[in-house]
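Okay, run_17.cif now, which holds mmCIF, C-alpha atoms and all ligand atoms:
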data_final
#
loop_
_atom_site.label_atom_id
_atom_site.label_comp_id
_atom_site.auth_asym_id
_atom_site.auth_seq_id
_atom_site.Cartn_x
_atom_site.Cartn_y
_atom_site.Cartn_z
CA MET A 1 12.73 -16.06 -9.78
CA ILE A 2 10.85 -12.90 -10.78
CA ILE A 3 7.18 -13.13 -11.78
CA VAL A 4 5.81 -10.38 -13.98
CA VAL A 5 2.02 -10.15 -14.11
CA GLY A 6 0.81 -7.71 -16.72
CA SER A 7 0.00 -6.51 -20.18
CA ILE A 8 1.38 -7.73 -23.49
CA ASN A 9 0.71 -5.29 -26.35
CA MET A 10 1.58 -4.87 -29.99
CA ASP A 11 2.67 -1.24 -30.31
CA VAL A 12 1.58 0.57 -33.45
CA CYS A 13 4.10 3.40 -33.56
CA LEU A 14 3.44 6.59 -35.51
CA ASN A 15 6.40 8.91 -35.92
CA VAL A 16 5.08 12.45 -36.16
CA ASP A 17 6.57 15.89 -36.35
CA LYS A 18 4.66 16.85 -33.23
CA ILE A 19 2.11 15.04 -31.07
CA PRO A 20 -1.38 16.34 -31.97
CA VAL A 21 -3.34 18.37 -29.40
CA PRO A 22 -7.15 17.92 -29.10
CA GLY A 23 -8.83 18.89 -32.37
CA GLU A 24 -5.61 18.71 -34.39
CA THR A 25 -4.78 16.26 -37.22
CA VAL A 26 -1.20 15.47 -38.11
CA MET A 27 0.43 13.19 -40.69
CA ALA A 28 2.60 10.23 -39.71
CA GLU A 29 6.06 10.21 -41.24
CA LYS A 30 6.57 6.52 -40.52
CA VAL A 31 4.43 3.70 -39.11
CA SER A 32 5.92 0.59 -37.51
CA LYS A 33 4.85 -2.32 -35.32
CA ASN A 34 6.93 -3.19 -32.25
CA CYS A 35 6.42 -5.59 -29.37
CA GLY A 36 5.45 -3.80 -26.15
CA GLY A 37 3.07 -3.67 -23.20
CA LYS A 38 4.27 -2.52 -19.81
CA GLY A 39 4.26 -6.01 -18.30
CA ALA A 40 6.00 -7.69 -21.22
CA ASN A 41 8.49 -4.82 -21.53
CA GLN A 42 9.51 -5.11 -17.88
CA ALA A 43 9.86 -8.89 -18.24
CA VAL A 44 12.04 -8.52 -21.35
CA ALA A 45 14.20 -5.80 -19.78
CA ALA A 46 14.94 -8.00 -16.75
CA ALA A 47 15.49 -11.23 -18.70
CA ARG A 48 17.83 -9.57 -21.19
CA LEU A 49 19.92 -8.44 -18.24
CA GLY A 50 20.17 -12.00 -16.97
CA ALA A 51 17.25 -12.36 -14.52
CA ASP A 52 15.17 -15.53 -14.26
CA VAL A 53 11.75 -14.23 -15.34
CA ILE A 54 8.35 -15.83 -15.81
CA MET A 55 5.50 -13.94 -17.46
CA LEU A 56 1.82 -14.21 -16.59
CA GLY A 57 -0.42 -12.49 -19.11
CA CYS A 58 -2.56 -13.11 -22.19
CA VAL A 59 -2.18 -12.78 -25.95
CA GLY A 60 -4.75 -13.30 -28.68
CA GLU A 61 -4.92 -16.25 -31.06
CA ASP A 62 -3.56 -14.14 -33.90
CA GLU A 63 -0.37 -13.22 -35.70
CA ASN A 64 0.42 -10.45 -33.22
CA GLY A 65 0.05 -12.96 -30.38
CA ASP A 66 2.67 -15.21 -31.99
CA SER A 67 5.10 -12.31 -32.51
CA LEU A 68 4.59 -11.11 -28.93
CA LEU A 69 5.33 -14.56 -27.51
CA GLN A 70 8.37 -14.87 -29.75
CA SER A 71 9.78 -11.56 -28.55
CA LEU A 72 9.42 -12.62 -24.90
CA GLU A 73 11.00 -16.02 -25.55
CA MET A 74 13.90 -14.64 -27.58
CA SER A 75 14.85 -12.49 -24.60
CA GLY A 76 14.75 -15.48 -22.27
CA VAL A 77 11.37 -14.87 -20.57
CA LYS A 78 9.51 -18.08 -19.63
CA THR A 79 6.12 -18.02 -21.37
CA GLU A 80 4.68 -21.49 -20.59
CA TYR A 81 1.87 -19.97 -18.55
CA VAL A 82 1.00 -17.08 -20.88
CA MET A 83 -2.55 -17.83 -22.01
CA LYS A 84 -3.78 -17.60 -25.61
CA VAL A 85 -7.34 -16.27 -25.71
CA PRO A 86 -9.91 -16.16 -28.55
CA VAL A 87 -9.78 -12.38 -29.08
CA ALA A 88 -7.32 -10.01 -30.73
CA SER A 89 -4.02 -9.38 -28.99
CA SER A 90 -3.95 -6.04 -27.16
CA SER A 91 -2.57 -3.06 -29.05
CA ALA A 92 -1.13 0.29 -28.11
CA TYR A 93 -1.25 3.25 -30.51
CA ILE A 94 1.77 5.43 -29.91
CA CYS A 95 2.55 8.87 -31.36
CA ILE A 96 6.27 9.57 -31.13
CA SER A 97 7.52 13.12 -31.64
CA LYS A 98 10.84 14.21 -33.13
CA LYS A 99 12.11 14.76 -29.56
CA GLY A 100 11.38 11.12 -28.73
CA ASP A 101 8.49 11.71 -26.34
CA ASN A 102 5.14 10.06 -26.83
CA SER A 103 1.44 9.75 -26.12
CA ILE A 104 -0.14 6.31 -25.87
CA VAL A 105 -3.65 4.84 -26.17
CA VAL A 106 -4.06 1.16 -25.24
CA ASP A 107 -6.78 -1.13 -26.61
CA SER A 108 -6.84 -3.77 -23.87
CA SER A 109 -8.56 -6.69 -25.61
CA ALA A 110 -6.59 -9.85 -24.55
CA ASN A 111 -5.23 -8.11 -21.42
CA ARG A 112 -8.80 -8.23 -20.01
CA PHE A 113 -8.44 -12.00 -19.77
CA VAL A 114 -5.68 -11.65 -17.18
CA THR A 115 -8.26 -12.35 -14.48
CA ALA A 116 -8.01 -13.32 -10.83
CA ASP A 117 -9.21 -16.79 -11.86
CA TYR A 118 -6.30 -17.20 -14.27
CA ILE A 119 -3.87 -16.12 -11.54
CA GLU A 120 -5.45 -18.52 -9.01
CA LYS A 121 -4.93 -21.39 -11.48
CA ASN A 122 -1.24 -20.55 -11.64
CA LYS A 123 -0.73 -19.59 -8.02
CA PHE A 124 1.72 -22.44 -7.39
CA LEU A 125 4.29 -20.36 -9.31
CA PHE A 126 4.41 -17.87 -6.46
CA ALA A 127 5.87 -20.52 -4.16
CA ASP A 128 9.18 -20.32 -6.07
CA ALA A 129 9.22 -16.59 -6.68
CA LYS A 130 11.19 -13.96 -4.76
CA TYR A 131 9.87 -10.85 -6.55
CA CYS A 132 6.67 -9.97 -8.34
CA ILE A 133 6.35 -6.98 -10.69
CA LEU A 134 2.95 -5.38 -11.24
CA GLN A 135 1.67 -2.47 -13.33
CA MET A 136 -1.87 -1.31 -14.12
CA GLU A 137 -2.83 -2.37 -17.66
CA ILE A 138 -4.72 -5.42 -16.36
CA PRO A 139 -7.98 -5.60 -14.34
CA VAL A 140 -7.68 -4.12 -10.86
CA GLU A 141 -9.26 -7.24 -9.27
CA THR A 142 -6.35 -9.26 -10.66
CA ILE A 143 -3.84 -6.87 -9.11
CA LYS A 144 -5.56 -7.29 -5.72
CA CYS A 145 -5.45 -11.09 -6.10
CA VAL A 146 -1.72 -11.02 -6.99
CA ILE A 147 -0.91 -8.81 -4.00
CA LYS A 148 -2.73 -11.25 -1.70
CA LEU A 149 -0.80 -14.20 -3.13
CA CYS A 150 2.51 -12.35 -2.76
CA ARG A 151 1.76 -11.84 0.93
CA THR A 152 0.83 -15.50 1.37
CA TYR A 153 3.99 -16.72 -0.32
CA ASN A 154 6.26 -14.00 1.04
CA VAL A 155 7.09 -12.62 -2.40
CA LYS A 156 8.36 -9.03 -2.55
CA ILE A 157 6.07 -6.71 -4.51
CA ILE A 158 7.38 -4.13 -6.97
CA PHE A 159 4.49 -1.92 -8.00
CA ASN A 160 4.64 0.40 -11.00
CA PRO A 161 1.40 2.46 -10.78
CA SER A 162 1.05 3.03 -14.51
CA PRO A 163 -1.31 3.94 -16.14
CA LEU A 164 -3.12 5.46 -13.18
CA SER A 165 -6.76 4.83 -14.12
CA GLU A 166 -9.04 3.22 -11.45
CA PHE A 167 -6.45 3.96 -8.79
CA ASP A 168 -7.16 3.01 -5.18
CA ILE A 169 -4.51 4.00 -2.61
CA ARG A 170 -5.04 0.67 -0.80
CA LEU A 171 -3.40 -1.07 -3.77
CA ILE A 172 0.00 0.33 -2.94
CA GLN A 173 -0.15 0.21 0.85
CA GLY A 174 2.52 -2.07 2.23
CA VAL A 175 4.25 -2.79 -1.07
CA ASP A 176 8.00 -3.37 -0.88
CA TYR A 177 8.94 -1.06 -3.77
CA LEU A 178 6.75 1.60 -5.35
CA ILE A 179 8.20 2.90 -8.64
CA PRO A 180 6.13 5.74 -10.17
CA ASN A 181 7.27 8.60 -12.34
CA GLU A 182 6.88 12.06 -10.82
CA ILE A 183 3.58 12.75 -12.59
CA GLU A 184 2.06 9.50 -11.34
CA LEU A 185 3.33 10.15 -7.82
CA SER A 186 1.95 13.67 -7.71
CA GLU A 187 -1.44 12.40 -8.92
CA ILE A 188 -1.45 9.68 -6.26
CA MET A 189 -0.54 12.25 -3.61
CA GLY A 190 -3.04 14.80 -4.96
CA LYS A 191 -0.35 17.46 -5.48
CA LYS A 192 1.10 19.40 -8.39
CA SER A 193 4.30 17.75 -9.66
CA ASP A 194 6.35 20.96 -9.27
CA SER A 195 5.29 21.28 -5.63
CA LEU A 196 6.43 17.79 -4.55
CA CYS A 197 9.11 18.00 -1.87
CA ASP A 198 11.23 15.30 -0.22
CA ASN A 199 9.46 15.63 3.14
CA ASP A 200 6.05 15.04 1.51
CA CYS A 201 7.44 11.91 -0.14
CA ILE A 202 8.86 10.55 3.12
CA LYS A 203 5.58 11.27 4.92
CA PHE A 204 3.65 9.54 2.12
CA LEU A 205 5.97 6.51 2.25
CA LYS A 206 5.57 6.17 6.02
CA GLU A 207 1.81 6.71 6.08
CA ASN A 208 1.36 4.01 3.44
CA GLU A 209 3.98 1.62 4.87
CA ILE A 210 5.88 1.44 1.59
CA GLY A 211 9.32 -0.18 1.87
CA THR A 212 11.16 1.92 -0.72
CA LEU A 213 9.88 4.63 -3.04
CA VAL A 214 11.80 5.14 -6.28
CA VAL A 215 10.59 8.13 -8.29
CA THR A 216 11.77 8.16 -11.89
CA LEU A 217 12.54 11.65 -13.22
CA GLY A 218 12.99 11.03 -16.95
CA SER A 219 16.22 12.47 -18.31
CA LEU A 220 17.24 13.66 -14.84
CA GLY A 221 17.53 10.19 -13.25
CA CYS A 222 15.65 9.08 -10.13
CA LYS A 223 15.16 9.73 -6.45
CA ILE A 224 15.08 7.02 -3.81
CA PHE A 225 13.30 7.34 -0.46
CA ASP A 226 13.39 4.63 2.15
CA ASN A 227 11.78 4.12 5.50
CA VAL A 228 14.84 5.12 7.49
CA ASN A 229 14.70 8.73 6.24
CA LYS A 230 17.32 8.26 3.59
CA THR A 231 16.83 10.24 0.37
CA VAL A 232 19.23 9.80 -2.52
CA PHE A 233 19.14 11.57 -5.89
CA ILE A 234 20.76 9.44 -8.59
CA LYS A 235 21.53 11.56 -11.65
CA THR A 236 21.77 10.16 -15.13
CA LYS A 237 23.73 11.10 -18.23
CA GLU A 238 22.01 13.22 -20.90
CA ARG A 239 21.05 11.26 -24.00
CA GLU A 240 19.95 11.98 -27.56
CA ALA A 241 16.53 10.34 -27.27
CA VAL A 242 14.88 9.05 -30.43
CA ASP A 243 12.03 7.16 -28.73
CA THR A 244 11.32 7.08 -24.99
CA THR A 245 8.67 4.32 -25.30
CA GLY A 246 9.53 1.63 -22.74
CA ALA A 247 12.20 3.70 -20.95
CA GLY A 248 10.38 3.48 -17.61
CA ASP A 249 9.85 -0.26 -18.14
CA THR A 250 13.55 -0.74 -18.88
CA PHE A 251 14.43 1.17 -15.71
CA LEU A 252 12.09 -1.04 -13.71
CA GLY A 253 13.29 -4.35 -15.16
CA ALA A 254 16.94 -3.37 -14.67
CA PHE A 255 16.36 -2.10 -11.14
CA VAL A 256 14.62 -5.32 -10.05
CA THR A 257 17.32 -7.43 -11.71
CA ALA A 258 20.02 -5.69 -9.66
CA ILE A 259 17.97 -5.82 -6.45
CA SER A 260 17.31 -9.53 -6.98
CA GLU A 261 21.09 -10.00 -7.13
CA ARG A 262 21.30 -8.27 -3.73
CA LYS A 263 23.16 -5.30 -5.17
CA PRO A 264 23.05 -2.08 -3.09
CA ILE A 265 20.15 0.19 -3.96
CA GLU A 266 22.36 3.00 -5.33
CA TYR A 267 24.03 0.50 -7.65
CA ALA A 268 20.59 -0.74 -8.77
CA ALA A 269 19.46 2.83 -9.54
CA ASN A 270 22.61 3.67 -11.51
CA PHE A 271 22.38 0.36 -13.39
CA ALA A 272 18.72 1.09 -14.21
CA ASN A 273 19.46 4.68 -15.29
CA ILE A 274 22.12 3.39 -17.68
CA ALA A 275 19.82 0.68 -19.08
CA SER A 276 16.98 3.13 -19.78
CA GLY A 277 19.47 5.68 -21.14
CA ILE A 278 20.61 3.17 -23.74
CA GLU A 279 17.00 2.19 -24.54
CA VAL A 280 15.86 5.73 -25.46
CA MET A 281 18.58 6.08 -28.09
CA ARG A 282 16.99 3.32 -30.22
CA PRO A 283 13.44 3.01 -31.62
CA GLY A 284 10.78 0.68 -30.19
CA ALA A 285 10.25 -0.75 -26.72
CA GLN A 286 11.44 -4.38 -26.36
CA ARG A 287 13.66 -4.36 -29.43
CA SER A 288 15.75 -1.48 -28.07
CA MET A 289 16.37 -2.87 -24.58
CA PRO A 290 20.05 -3.40 -23.77
CA THR A 291 21.99 -6.55 -22.95
CA ARG A 292 23.92 -7.06 -19.72
CA GLU A 293 27.22 -6.48 -21.54
CA GLU A 294 26.08 -3.09 -22.85
CA VAL A 295 24.93 -1.88 -19.44
CA GLU A 296 27.99 -3.19 -17.59
CA TYR A 297 30.33 -1.67 -20.16
CA GLU A 298 28.81 1.78 -19.55
CA TYR A 299 28.62 1.25 -15.81
CA ASN A 300 32.33 0.42 -15.63
CA LYS A 301 33.18 3.37 -17.87
CA ASN A 302 31.28 5.77 -15.61
CA PHE A 303 31.90 4.39 -12.14
CA ASN A 304 35.12 2.37 -12.09
O1 LIG A 401 5.46 1.76 -21.21
C1 LIG A 401 5.43 1.66 -22.59
C2 LIG A 401 4.33 0.74 -23.02
O2 LIG A 401 3.09 1.30 -22.65
C3 LIG A 401 4.21 0.51 -24.51
O3 LIG A 401 5.02 -0.53 -24.96
C4 LIG A 401 2.73 0.30 -24.72
O4 LIG A 401 2.39 -0.98 -25.09
C5 LIG A 401 2.06 0.70 -23.42
O5 LIG A 401 1.64 -0.36 -22.71
#
Rendering of file as structure tokens:
Amino acid sequence: MIIVVGSINMDVCLNVDKIPVPGETVMAEKVSKNCGGKGANQAVAAARLGADVIMLGCVGEDENGDSLLQSLEMSGVKTEYVMKVPVASSSAYICISKKGDNSIVVDSSANRFVTADYIEKNKFLFADAKYCILQMEIPVETIKCVIKLCRTYNVKIIFNPSPLSEFDIRLIQGVDYLIPNEIELSEIMGKKSDSLCDNDCIKFLKENEIGTLVVTLGSLGCKIFDNVNKTVFIKTKEREAVDTTGAGDTFLGAFVTAISERKPIEYAANFANIASGIEVMRPGAQRSMPTREEVEYEYNKNFN
């Protein structure tokens, strides 16, 4: 079983000609509401691909909360332990440009109730889990509590350091898989993203006792570093992106699904590249995530 501890957001998506820079006002061409949140997105991506996933997080006692729970459940995510709290569900305000890229502001509201106390109350769930996925849209104290529980129950930790606010390097030390994008990694390492080289990444991985580092590179694919000096660049196919919201989350959910099935790491990376490649060609986060059949069809077309 995979436990996902994280955010559950209603995404308010604004399609714009171009994302505004500071001081600029632009007009939205279309406004839509889609289910999102990094935690929930990763849970949905994995469950839709066939993984056994349980979500720990909070939604508000409102209409958005009901829709968010429904979206998780329809994809097969177990939501029995998702807590309803007496505030508004969290929202994310997303500007999406014509090229499909975005800028996001999250209003955390219900996500703030994902506390260490709430996790402690549900800690028995970790006894049956093999993997735990974490991101950073919930309080940092909760993340620390989850990491401690994972170590107690021997659950492998997959850490997606996104968004990077309140970052403390100790959070990621000793995790089994660290999956940042290249901007997040360069910020963590205190370097410019264009100056990151493989040797720096391997040194960083060793110094911080990280099992495997998977750096996502957007439309280029990903790079995998492990603690036996192996570096592999896994390219991906170019896509006509309409909306990249949730692409990283789809990659993560798909990658963990394949790893949890004991697939080789290169297979997992290719599988995840394909899943996120399909996701960016459709609008919205959870609603655009692919099924197992779709990903396997493309995998077989490309690799068999
Ligand atoms: O990673 C994409 C997600 O980030 C969106 O769905 C939004 O809710 C924000 O959390």
#### Entry: Residue nearest ligand LIG 401 (chain A) among A:Asn122, A:Ser67, A:Ser90, A:Asn227 (counting only C-alpha atoms and all ligand atoms)
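Answer, going by the shortest atom-to-atom distance: A:Ser90.
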Of A:Asp128, A:Asp117, A:Glu296, A:Asp107, the one nearest to ligand LIG 401 (chain A) when counting only C-alpha atoms and all ligand atoms is A:Asp107
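Each of A:Val105, A:Ala46, A:Leu164, A:Val5 was compared to A:Ala275 using all atoms listed in the file, and A:Ala46 turns out to be the nearest.
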Could you make a table, as CSV, of the residues of chain A that have an atom within 6 Å of an atom of ligand LIG 401 (chain A), each with its nearest atom pair and distance in Å to one decimal, counting only C-alpha atoms and all ligand atoms, in chain and number order?
residue,atom,partner,partner_atom,distance
A:Asn9,CA,A:LIG401,O4,4.8
A:Asp11,CA,A:LIG401,O4,5.2
A:Gly36,CA,A:LIG401,O3,3.5
A:Gly37,CA,A:LIG401,O4,3.4
A:Lys38,CA,A:LIG401,O5,4.5
A:Ala92,CA,A:LIG401,O4,4.8
A:Thr245,CA,A:LIG401,C1,5.0
A:Gly246,CA,A:LIG401,C1,4.1
A:Asp249,CA,A:LIG401,O1,5.7
A:Ala285,CA,A:LIG401,O3,5.5
Using only C-alpha atoms, the shortest atom-to-atom distance to A:Ser186 among A:Phe225, A:Ile172, A:Lys99, A:Phe204 belongs to A:Phe204
Axis-aligned box over every listed atom of stretch 264-273 of chain A, padded by 5 Å per side: centre and edges in Å to one decimal, as lines of an AutoDock Vina configuration file?
center_x = 21.4
center_y = 1.3
center_z = -9.2
size_x = 15.3
size_y = 16.8
size_z = 22.2
All heavy atoms are needed for stretch 208-219 of chain A; please write them out as a CSV table (one decimal), in the coordinates of the input.
chain,number,residue,atom,x,y,z
A,208,ASN,N,1.9,5.1,4.2
A,208,ASN,CA,1.4,4.0,3.4
A,208,ASN,C,2.2,2.7,3.6
A,208,ASN,O,2.0,1.8,2.8
A,208,ASN,CB,1.2,4.4,2.0
A,208,ASN,CG,0.1,5.4,1.8
A,208,ASN,OD1,-1.1,5.1,2.0
A,208,ASN,ND2,0.5,6.7,1.6
A,209,GLU,N,3.1,2.8,4.5
A,209,GLU,CA,4.0,1.6,4.9
A,209,GLU,C,4.6,1.0,3.6
A,209,GLU,O,4.6,-0.2,3.4
A,209,GLU,CB,3.2,0.6,5.6
A,209,GLU,CG,2.7,1.1,7.0
A,209,GLU,CD,1.8,0.2,7.7
A,209,GLU,OE1,1.7,-1.0,7.3
A,209,GLU,OE2,1.3,0.6,8.8
A,210,ILE,N,5.2,1.9,2.8
A,210,ILE,CA,5.9,1.4,1.6
A,210,ILE,C,7.3,1.2,2.0
A,210,ILE,O,7.9,2.0,2.7
A,210,ILE,CB,5.8,2.5,0.5
A,210,ILE,CG1,4.3,2.6,0.0
A,210,ILE,CG2,6.7,2.2,-0.7
A,210,ILE,CD1,3.9,3.8,-0.7
A,211,GLY,N,7.9,0.1,1.5
A,211,GLY,CA,9.3,-0.2,1.9
A,211,GLY,C,10.3,0.9,1.3
A,211,GLY,O,11.0,1.6,2.0
A,212,THR,N,10.3,1.0,0.0
A,212,THR,CA,11.2,1.9,-0.7
A,212,THR,C,10.4,2.6,-1.8
A,212,THR,O,9.6,1.9,-2.6
A,212,THR,CB,12.4,1.2,-1.3
A,212,THR,OG1,13.0,0.5,-0.3
A,212,THR,CG2,13.4,2.1,-2.0
A,213,LEU,N,10.5,3.9,-2.0
A,213,LEU,CA,9.9,4.6,-3.0
A,213,LEU,C,11.0,5.1,-4.0
A,213,LEU,O,11.9,5.7,-3.6
A,213,LEU,CB,9.2,5.8,-2.4
A,213,LEU,CG,8.6,6.9,-3.4
A,213,LEU,CD1,7.4,6.3,-4.2
A,213,LEU,CD2,8.1,8.1,-2.6
A,214,VAL,N,10.8,4.7,-5.3
A,214,VAL,CA,11.8,5.1,-6.3
A,214,VAL,C,11.0,6.0,-7.3
A,214,VAL,O,10.1,5.4,-8.0
A,214,VAL,CB,12.5,3.9,-7.0
A,214,VAL,CG1,13.5,4.4,-8.0
A,214,VAL,CG2,13.1,3.0,-6.0
A,215,VAL,N,11.3,7.3,-7.4
A,215,VAL,CA,10.6,8.1,-8.3
A,215,VAL,C,11.5,8.4,-9.5
A,215,VAL,O,12.6,8.9,-9.4
A,215,VAL,CB,10.3,9.5,-7.6
A,215,VAL,CG1,9.3,10.3,-8.5
A,215,VAL,CG2,9.6,9.3,-6.3
A,216,THR,N,11.0,8.0,-10.7
A,216,THR,CA,11.8,8.2,-11.9
A,216,THR,C,11.5,9.6,-12.4
A,216,THR,O,10.4,10.1,-12.4
A,216,THR,CB,11.4,7.1,-13.0
A,216,THR,OG1,10.1,7.1,-13.3
A,216,THR,CG2,11.8,5.7,-12.5
A,217,LEU,N,12.6,10.2,-12.8
A,217,LEU,CA,12.5,11.6,-13.2
A,217,LEU,C,12.9,11.9,-14.7
A,217,LEU,O,13.5,12.9,-15.0
A,217,LEU,CB,13.5,12.5,-12.3
A,217,LEU,CG,13.2,12.3,-10.8
A,217,LEU,CD1,14.4,12.9,-10.0
A,217,LEU,CD2,11.9,13.0,-10.4
A,218,GLY,N,12.7,10.9,-15.5
A,218,GLY,CA,13.0,11.0,-17.0
A,218,GLY,C,14.5,11.2,-17.2
A,218,GLY,O,15.3,10.5,-16.6
A,219,SER,N,14.8,12.3,-17.9
A,219,SER,CA,16.2,12.5,-18.3
A,219,SER,C,17.1,12.9,-17.1
A,219,SER,O,18.3,13.1,-17.3
A,219,SER,CB,16.3,13.5,-19.5
A,219,SER,OG,15.7,14.7,-19.0
